[in-house]
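Have a look at the structure below before the remarks.
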Amino acid sequence: MVLPKEIPTVKMSNGIELPLFGYGTWQAKDEQELEKSLTVALENGYRLIDTAFVYGNEEIIGKTLQKFYDSGKLQRSDVFVTTKLPPFFHRNDDVEKCLNEQLKALKTDYIDLYLIHSPCPCKKDPEKPMFYFDANGMIVEEAVDHLETWKAMENLNKAGKVRSIGLSNFNKEQIQRICDNAEIPPDNLQVECHILFPQNELFDFCKSKGISFTAYAPLGSPSRQNFLPNTEWPEGDVLHHPNVMEISKKYGKTPAQILLRQLIQRGISAIPKSVTPSRIIENINIFDFELDFNDIKALEDIRPHVRLFPMKFRIQHSQYPYKDVLEAEKNK
Ligand SMILES: NC(=O)C1=CN([C@@H]2O[C@H](COP(=O)(O)OP(=O)(O)OC[C@H]3O[C@@H](n4cnc5c(N)ncnc54)[C@H](OP(=O)(O)O)[C@@H]3O)[C@@H](O)[C@H]2O)C=CC1
Ligand SMILES: O=C1CO[C@H](CO)[C@@H](O)[C@@H]1O
């Protein structure tokens with residue numbers, strides 16, 4: 001087992017250390033594949049696992065972790081588990097019920113970081129534990145005040161069922177309102193963040209509030225190339241951008257390692273997803289080099305800046321968070 005001691009952390013406002021690197025699991029739900037890849041990750045030093053109720057893989061993750069605990073290779077306290085409350089369980093009565101189910105699936109009695117997954121509460125599919133989509137493929141809004149849900153999150157925190165609480169996909173104004181009314185302020189914000197969408201303003205805002213920052217899609221989610229406009233570089237995904245490739249050659253590191261390292265050097269926690277063993281090992285091997293000022297500048301110069309997760313299936317929601325997307329739609 002590789003010891004995780006080389007993974008840096010940031011101290012959250014509650015004093016708990018958030019690892020600056022972890023394992024993303026969205027779209028990893030094939031049982032055999034995820035069990036195998038999570039095993040590779042844990043054996044190679046990953047200690048933070050990012051999941052969510054809606055990823056449908058908490059049971060598999062729980063089962064895999066239990067094997068590590070049973071074999072004595074890991075203790076529960078060695079691992080940092082992040083999971084998320086789904087948008088269809090925002091009501092006070094539903095929050096704890098949902099969390100209890102998640103604890104059971106993850107085979108644990110506490111979560112390290114529990115996030116409200118989306119600022120857009122919606123109806124649940126009556127048949128399955130998933131969003132209800134209407135005939136136009138849109139979610140159906142449920143009017144639940146963020147403050148009601150946040151109060152329930154605080155109660156879970158006070159009860160010791162979740163060690164830290166936070167938000168995902170919320171905008172600045174929505175975060176500010178929570179902060180203005182909270183007994184316990186958010187410990188973390190998880191949003192889309194990568195070299196094509198660096199979130200400079202939101203990151204600075206969170207910093208000013210003492211809210212730690214997690215980057216989802218840290219590699220620019222290469223499979224979402226269809227969300228990119230035509231790019232100057234033919235392959236489209238940012239791993240193939242000429243600046244990234246050139247810096248990659250200079251350091252003898254892969255493009256993915258360069259992009260992940262850039263986030264870590266900003267003090268942002270990166271949670272790349274991979275079910276490919278060689279990539280899982282590659283992605284964590286970023287703690288033995290440092291990007292210099294000019295190379296960081298060359299990465300920051302990359303354009304276009306583009307949101308790859310506009311989540312338009314929520315665009316009609318009164319709490320839809322992305323003003324840039326709304327503005328672009330208006331000007332179409
Ligand atoms: N809070 C939220 O709303 C959201 C949270 N997330 C979280 O963030 C995580 C990461 O985001 P995600 O969208 O998965 O995007 P990533 O930027 O992590 O990209 C994942 C994709 O990149 C591929 N990949 C991984 N490593 C490499 C590598 N070294 N070289 C080339 N390709 C590579 C993977 O393929 P393969 O697996 O085949 O190796 C996969 O297709 C999610 O898994 C989830 O945990 C993501 C989206 C929204
Ligand atoms: O975490 C997530 C992964 O991305 C999905 C995409 O469009 C979202 O529904 C979800 O919030």
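Ligands are numbered from 1 in the order shown, residues from 1 within each chain, and chains are lettered A, B, ... in the order they appear in the structure tokens.
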Given a cut-off of 7 Å, what residues near ligand 1 show up using only C-alpha atoms and all ligand atoms, put as a VMD selection string? chain A and resid 23 to 27 50 to 51 117 to 118 168 to 169 190 to 192 216 to 223 256 to 257 271 to 276 279 to 280 282 to 283
Just to be explicit: take each residue in the selection above, keep N, CA, C and O atoms, and write the result as a CSV table (one decimal), in the first residue's frame.
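The file below, result.csv, is the result:
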chain,number,residue,atom,x,y,z
A,23,TYR,N,-10.8,10.9,-5.6
A,23,TYR,CA,-11.3,10.0,-6.6
A,23,TYR,C,-12.8,10.3,-7.0
A,23,TYR,O,-13.7,10.1,-6.1
A,24,GLY,N,-13.0,10.8,-8.2
A,24,GLY,CA,-14.4,11.1,-8.6
A,24,GLY,C,-15.1,9.8,-9.1
A,24,GLY,O,-14.4,8.9,-9.7
A,25,THR,N,-16.4,9.7,-9.0
A,25,THR,CA,-17.0,8.4,-9.3
A,25,THR,C,-18.3,8.6,-10.1
A,25,THR,O,-19.0,7.6,-10.3
A,26,TRP,N,-18.6,9.8,-10.6
A,26,TRP,CA,-19.8,9.9,-11.5
A,26,TRP,C,-19.6,9.1,-12.7
A,26,TRP,O,-18.6,9.1,-13.3
A,27,GLN,N,-20.6,8.4,-13.1
A,27,GLN,CA,-20.7,7.5,-14.2
A,27,GLN,C,-19.9,6.2,-14.0
A,27,GLN,O,-19.7,5.4,-15.0
A,50,ASP,N,-15.3,10.8,-3.9
A,50,ASP,CA,-16.4,11.7,-4.1
A,50,ASP,C,-17.5,10.9,-4.8
A,50,ASP,O,-17.3,10.3,-5.9
A,51,THR,N,-18.7,10.8,-4.1
A,51,THR,CA,-19.8,10.2,-4.7
A,51,THR,C,-21.1,11.0,-4.5
A,51,THR,O,-21.0,12.2,-4.1
A,117,HIS,N,-26.4,18.8,-3.4
A,117,HIS,CA,-25.9,18.6,-4.7
A,117,HIS,C,-26.2,19.7,-5.7
A,117,HIS,O,-25.4,20.0,-6.6
A,118,SER,N,-27.4,20.3,-5.5
A,118,SER,CA,-27.8,21.3,-6.5
A,118,SER,C,-28.7,22.3,-5.8
A,118,SER,O,-29.5,22.0,-4.9
A,168,SER,N,-23.0,22.5,-3.6
A,168,SER,CA,-22.4,22.2,-4.9
A,168,SER,C,-23.4,22.8,-5.9
A,168,SER,O,-24.6,22.8,-5.8
A,169,ASN,N,-22.7,23.4,-6.9
A,169,ASN,CA,-23.4,24.1,-8.0
A,169,ASN,C,-24.2,25.3,-7.6
A,169,ASN,O,-25.1,25.8,-8.4
A,190,GLN,N,-18.4,22.8,-4.1
A,190,GLN,CA,-17.9,21.9,-5.2
A,190,GLN,C,-18.6,22.4,-6.5
A,190,GLN,O,-19.8,22.4,-6.6
A,191,VAL,N,-17.8,22.8,-7.4
A,191,VAL,CA,-18.3,23.3,-8.7
A,191,VAL,C,-17.4,22.9,-9.9
A,191,VAL,O,-16.3,22.4,-9.6
A,192,GLU,N,-18.0,23.0,-11.1
A,192,GLU,CA,-17.1,22.8,-12.3
A,192,GLU,C,-15.9,23.7,-12.2
A,192,GLU,O,-16.1,24.9,-12.1
A,216,TYR,N,-14.8,20.0,-9.7
A,216,TYR,CA,-15.3,18.9,-10.4
A,216,TYR,C,-15.0,19.0,-11.9
A,216,TYR,O,-14.7,20.1,-12.4
A,217,ALA,N,-14.9,17.9,-12.6
A,217,ALA,CA,-14.4,17.9,-14.0
A,217,ALA,C,-13.0,18.5,-14.2
A,217,ALA,O,-12.8,19.3,-15.1
A,218,PRO,N,-12.1,18.2,-13.3
A,218,PRO,CA,-10.8,18.9,-13.3
A,218,PRO,C,-10.0,18.7,-14.6
A,218,PRO,O,-9.1,19.5,-14.9
A,219,LEU,N,-10.3,17.6,-15.3
A,219,LEU,CA,-9.6,17.4,-16.6
A,219,LEU,C,-10.4,18.0,-17.8
A,219,LEU,O,-10.2,17.7,-18.9
A,220,GLY,N,-11.5,18.7,-17.4
A,220,GLY,CA,-12.4,19.2,-18.5
A,220,GLY,C,-13.2,18.1,-19.0
A,220,GLY,O,-13.7,18.2,-20.2
A,221,SER,N,-13.5,17.1,-18.2
A,221,SER,CA,-14.4,16.0,-18.5
A,221,SER,C,-14.3,15.7,-20.0
A,221,SER,O,-15.2,15.9,-20.8
A,222,PRO,N,-13.2,15.1,-20.5
A,222,PRO,CA,-12.9,14.9,-21.9
A,222,PRO,C,-14.1,14.4,-22.7
A,222,PRO,O,-14.2,14.7,-23.9
A,223,SER,N,-14.9,13.6,-22.1
A,223,SER,CA,-16.0,13.0,-22.9
A,223,SER,C,-17.1,14.1,-23.3
A,223,SER,O,-18.0,13.8,-24.0
A,256,ALA,N,-2.8,15.3,-18.4
A,256,ALA,CA,-3.7,15.2,-17.2
A,256,ALA,C,-3.0,15.6,-15.9
A,256,ALA,O,-3.5,16.3,-15.1
A,257,GLN,N,-1.7,15.1,-15.8
A,257,GLN,CA,-1.0,15.5,-14.6
A,257,GLN,C,-0.7,17.0,-14.5
A,257,GLN,O,-0.8,17.6,-13.4
A,271,ILE,N,-10.8,16.2,-8.1
A,271,ILE,CA,-11.4,14.9,-8.0
A,271,ILE,C,-11.6,14.2,-9.3
A,271,ILE,O,-12.7,13.9,-9.7
A,272,PRO,N,-10.5,13.9,-10.0
A,272,PRO,CA,-10.6,13.3,-11.4
A,272,PRO,C,-11.3,11.9,-11.2
A,272,PRO,O,-11.0,11.2,-10.3
A,273,LYS,N,-12.1,11.6,-12.2
A,273,LYS,CA,-12.7,10.3,-12.3
A,273,LYS,C,-11.9,9.4,-13.4
A,273,LYS,O,-11.7,9.9,-14.5
A,274,SER,N,-11.6,8.2,-13.0
A,274,SER,CA,-11.2,7.3,-14.0
A,274,SER,C,-11.5,5.9,-13.6
A,274,SER,O,-11.4,5.5,-12.4
A,275,VAL,N,-11.8,5.0,-14.5
A,275,VAL,CA,-12.0,3.6,-14.2
A,275,VAL,C,-10.9,2.8,-14.9
A,275,VAL,O,-11.0,1.6,-15.1
A,276,THR,N,-9.8,3.5,-15.4
A,276,THR,CA,-8.7,2.9,-16.1
A,276,THR,C,-7.5,2.8,-15.2
A,276,THR,O,-7.0,3.9,-14.8
A,279,ARG,N,-4.5,5.1,-15.7
A,279,ARG,CA,-4.9,6.6,-15.5
A,279,ARG,C,-5.0,6.9,-14.0
A,279,ARG,O,-4.7,8.0,-13.6
A,280,ILE,N,-5.6,6.0,-13.3
A,280,ILE,CA,-5.8,6.2,-11.8
A,280,ILE,C,-4.5,6.4,-11.2
A,280,ILE,O,-4.3,7.4,-10.4
A,282,GLU,N,-1.7,7.3,-12.8
A,282,GLU,CA,-1.1,8.5,-13.4
A,282,GLU,C,-1.6,9.7,-12.7
A,282,GLU,O,-0.8,10.6,-12.3
A,283,ASN,N,-2.9,9.8,-12.5
A,283,ASN,CA,-3.5,11.0,-11.9
A,283,ASN,C,-3.0,11.4,-10.5
A,283,ASN,O,-3.0,12.6,-10.2
I need the alpha helix (DSSP H) residues of region 188-218 of chain A per DSSP on the backbone, written as a ChimeraX atom specification. /A:200-209
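Checking A:Leu228, A:Ile281, A:Ile268, A:Leu239 one by one against Phe203 (chain A), counting only C-alpha atoms, you find the shortest gap at A:Ile268.
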Secondary structure check, strand (DSSP E) residues of region 6-237 of chain A, as a PyMOL selection string: chain A and resi 9-11+17-19+23-24+48-50+80-85+111-116+162-168+188-192+212-216
Write the residues of the preceding selection, restricted to N, CA, C and O atoms, as a compact mmCIF listing (two decimals), in the first residue's frame.
# COMPACT_ATOMS: atom_id res chain seq x y z
N THR A 9 -3.25 18.88 2.11
CA THR A 9 -4.64 19.14 2.53
C THR A 9 -4.82 20.65 2.72
O THR A 9 -3.84 21.38 2.83
N VAL A 10 -6.07 21.08 2.77
CA VAL A 10 -6.36 22.44 3.26
C VAL A 10 -7.26 22.29 4.48
O VAL A 10 -8.12 21.41 4.52
N LYS A 11 -7.03 23.17 5.44
CA LYS A 11 -7.85 23.12 6.64
C LYS A 11 -9.16 23.86 6.35
O LYS A 11 -9.14 25.02 5.93
N GLU A 17 -9.23 18.67 7.93
CA GLU A 17 -8.36 18.76 6.75
C GLU A 17 -9.04 18.12 5.54
O GLU A 17 -9.44 16.96 5.58
N LEU A 18 -9.13 18.90 4.47
CA LEU A 18 -9.69 18.38 3.21
C LEU A 18 -8.53 18.00 2.29
O LEU A 18 -7.70 18.86 1.95
N PRO A 19 -8.42 16.72 1.88
CA PRO A 19 -7.36 16.36 0.94
C PRO A 19 -7.51 17.14 -0.37
O PRO A 19 -8.63 17.33 -0.86
N TYR A 23 -10.84 10.88 -5.57
CA TYR A 23 -11.31 9.99 -6.63
C TYR A 23 -12.77 10.28 -6.97
O TYR A 23 -13.67 10.07 -6.14
N GLY A 24 -13.03 10.78 -8.17
CA GLY A 24 -14.40 11.05 -8.62
C GLY A 24 -15.06 9.78 -9.13
O GLY A 24 -14.39 8.91 -9.69
N LEU A 48 -9.51 10.30 -0.61
CA LEU A 48 -10.80 10.99 -0.68
C LEU A 48 -11.61 10.34 -1.80
O LEU A 48 -11.11 10.16 -2.92
N ILE A 49 -12.86 9.99 -1.49
CA ILE A 49 -13.75 9.43 -2.51
C ILE A 49 -14.96 10.35 -2.64
O ILE A 49 -15.59 10.68 -1.63
N ASP A 50 -15.25 10.77 -3.87
CA ASP A 50 -16.39 11.65 -4.11
C ASP A 50 -17.52 10.87 -4.78
O ASP A 50 -17.34 10.31 -5.87
N PHE A 80 -11.57 9.76 3.50
CA PHE A 80 -12.42 10.95 3.53
C PHE A 80 -13.53 10.73 2.50
O PHE A 80 -13.26 10.68 1.29
N VAL A 81 -14.76 10.56 2.99
CA VAL A 81 -15.87 10.26 2.08
C VAL A 81 -16.75 11.51 1.90
O VAL A 81 -17.28 12.05 2.87
N THR A 82 -16.86 11.93 0.64
CA THR A 82 -17.77 13.03 0.30
C THR A 82 -18.98 12.43 -0.41
O THR A 82 -18.81 11.65 -1.36
N THR A 83 -20.18 12.79 0.04
CA THR A 83 -21.35 12.44 -0.76
C THR A 83 -22.35 13.59 -0.74
O THR A 83 -22.10 14.62 -0.08
N LYS A 84 -23.44 13.43 -1.49
CA LYS A 84 -24.30 14.60 -1.74
C LYS A 84 -25.78 14.27 -1.58
O LYS A 84 -26.21 13.16 -1.94
N LEU A 85 -26.51 15.25 -1.09
CA LEU A 85 -27.96 15.15 -0.94
C LEU A 85 -28.62 15.43 -2.29
O LEU A 85 -28.36 16.47 -2.90
N ILE A 111 -20.36 10.67 7.51
CA ILE A 111 -19.83 11.15 6.22
C ILE A 111 -18.86 12.28 6.55
O ILE A 111 -19.11 13.09 7.44
N ASP A 112 -17.73 12.34 5.84
CA ASP A 112 -16.76 13.41 6.12
C ASP A 112 -17.23 14.76 5.59
O ASP A 112 -17.05 15.79 6.23
N LEU A 113 -17.80 14.74 4.39
CA LEU A 113 -18.30 16.00 3.80
C LEU A 113 -19.61 15.71 3.07
O LEU A 113 -19.65 14.88 2.15
N TYR A 114 -20.67 16.38 3.50
CA TYR A 114 -22.00 16.18 2.91
C TYR A 114 -22.40 17.48 2.21
O TYR A 114 -22.41 18.55 2.83
N LEU A 115 -22.70 17.37 0.91
CA LEU A 115 -22.99 18.56 0.11
C LEU A 115 -24.44 18.56 -0.36
O LEU A 115 -24.98 17.49 -0.70
N ILE A 116 -25.05 19.73 -0.43
CA ILE A 116 -26.32 19.85 -1.16
C ILE A 116 -25.93 19.85 -2.64
O ILE A 116 -25.20 20.72 -3.09
N VAL A 162 -22.54 13.93 9.97
CA VAL A 162 -21.70 14.45 8.89
C VAL A 162 -20.70 15.42 9.52
O VAL A 162 -21.07 16.30 10.28
N ARG A 163 -19.41 15.22 9.21
CA ARG A 163 -18.39 16.02 9.91
C ARG A 163 -18.28 17.43 9.34
O ARG A 163 -17.89 18.36 10.04
N SER A 164 -18.58 17.58 8.06
CA SER A 164 -18.53 18.89 7.41
C SER A 164 -19.70 18.97 6.44
O SER A 164 -20.16 17.94 5.94
N ILE A 165 -20.13 20.20 6.18
CA ILE A 165 -21.27 20.38 5.28
C ILE A 165 -20.94 21.45 4.23
O ILE A 165 -20.17 22.38 4.50
N GLY A 166 -21.53 21.28 3.06
CA GLY A 166 -21.22 22.24 2.01
C GLY A 166 -22.25 22.23 0.90
O GLY A 166 -23.33 21.64 1.01
N LEU A 167 -21.87 22.90 -0.19
CA LEU A 167 -22.79 23.17 -1.30
C LEU A 167 -22.14 22.76 -2.61
O LEU A 167 -20.90 22.76 -2.73
N SER A 168 -22.97 22.45 -3.59
CA SER A 168 -22.45 22.17 -4.92
C SER A 168 -23.35 22.84 -5.95
O SER A 168 -24.59 22.80 -5.81
N ASN A 188 -17.40 23.88 2.38
CA ASN A 188 -16.84 23.57 1.06
C ASN A 188 -17.85 23.92 -0.02
O ASN A 188 -19.05 23.82 0.18
N LEU A 189 -17.31 24.33 -1.18
CA LEU A 189 -18.14 24.46 -2.38
C LEU A 189 -17.54 23.56 -3.46
O LEU A 189 -16.33 23.61 -3.72
N GLN A 190 -18.38 22.76 -4.09
CA GLN A 190 -17.92 21.91 -5.20
C GLN A 190 -18.60 22.39 -6.48
O GLN A 190 -19.83 22.36 -6.58
N VAL A 191 -17.78 22.84 -7.44
CA VAL A 191 -18.33 23.32 -8.72
C VAL A 191 -17.42 22.87 -9.86
O VAL A 191 -16.28 22.43 -9.64
N GLU A 192 -17.96 23.03 -11.08
CA GLU A 192 -17.13 22.78 -12.26
C GLU A 192 -15.94 23.72 -12.24
O GLU A 192 -16.10 24.93 -12.07
N SER A 212 -13.69 26.23 1.61
CA SER A 212 -12.74 25.49 0.77
C SER A 212 -13.41 25.16 -0.57
O SER A 212 -14.64 25.18 -0.69
N PHE A 213 -12.59 24.81 -1.56
CA PHE A 213 -13.08 24.74 -2.94
C PHE A 213 -12.70 23.40 -3.56
O PHE A 213 -11.54 22.98 -3.51
N THR A 214 -13.67 22.75 -4.17
CA THR A 214 -13.41 21.49 -4.87
C THR A 214 -13.75 21.66 -6.35
O THR A 214 -14.83 22.18 -6.69
N ALA A 215 -12.84 21.19 -7.22
CA ALA A 215 -13.04 21.28 -8.66
C ALA A 215 -13.61 19.98 -9.18
O ALA A 215 -12.94 18.94 -9.12
N TYR A 216 -14.83 20.04 -9.70
CA TYR A 216 -15.28 18.85 -10.43
C TYR A 216 -14.96 19.02 -11.92
O TYR A 216 -14.72 20.14 -12.38
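Nearest residue to Lys128 (chain A) among A:Tyr322, A:Arg76, A:Leu147, A:Gly56 is A:Gly56, counting only C-alpha atoms.
Closest approach to ligand 2 from the set A:Pro310, A:Glu235, A:Gln32, A:Glu127 is made by A:Pro310, with distances taken over only C-alpha atoms and all ligand atoms.
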Kindly provide the residues of region 36-126 of chain A that approach region 313-316 of chain A to within 12 Å, each paired with its closest atom pair and their distance in Å to one decimal, based on only C-alpha atoms, listed by chain and increasing number, as a tab-separated table.
residue	atom	partner	partner_atom	distance
A:Pro87	CA	A:Arg314	CA	11.0
A:Ser118	CA	A:Arg314	CA	9.9
A:Pro119	CA	A:Arg314	CA	9.9
A:Cys120	CA	A:Arg314	CA	7.2
A:Pro121	CA	A:Arg314	CA	9.7
A:Cys122	CA	A:Arg314	CA	9.3
A:Lys123	CA	A:Arg314	CA	12.0
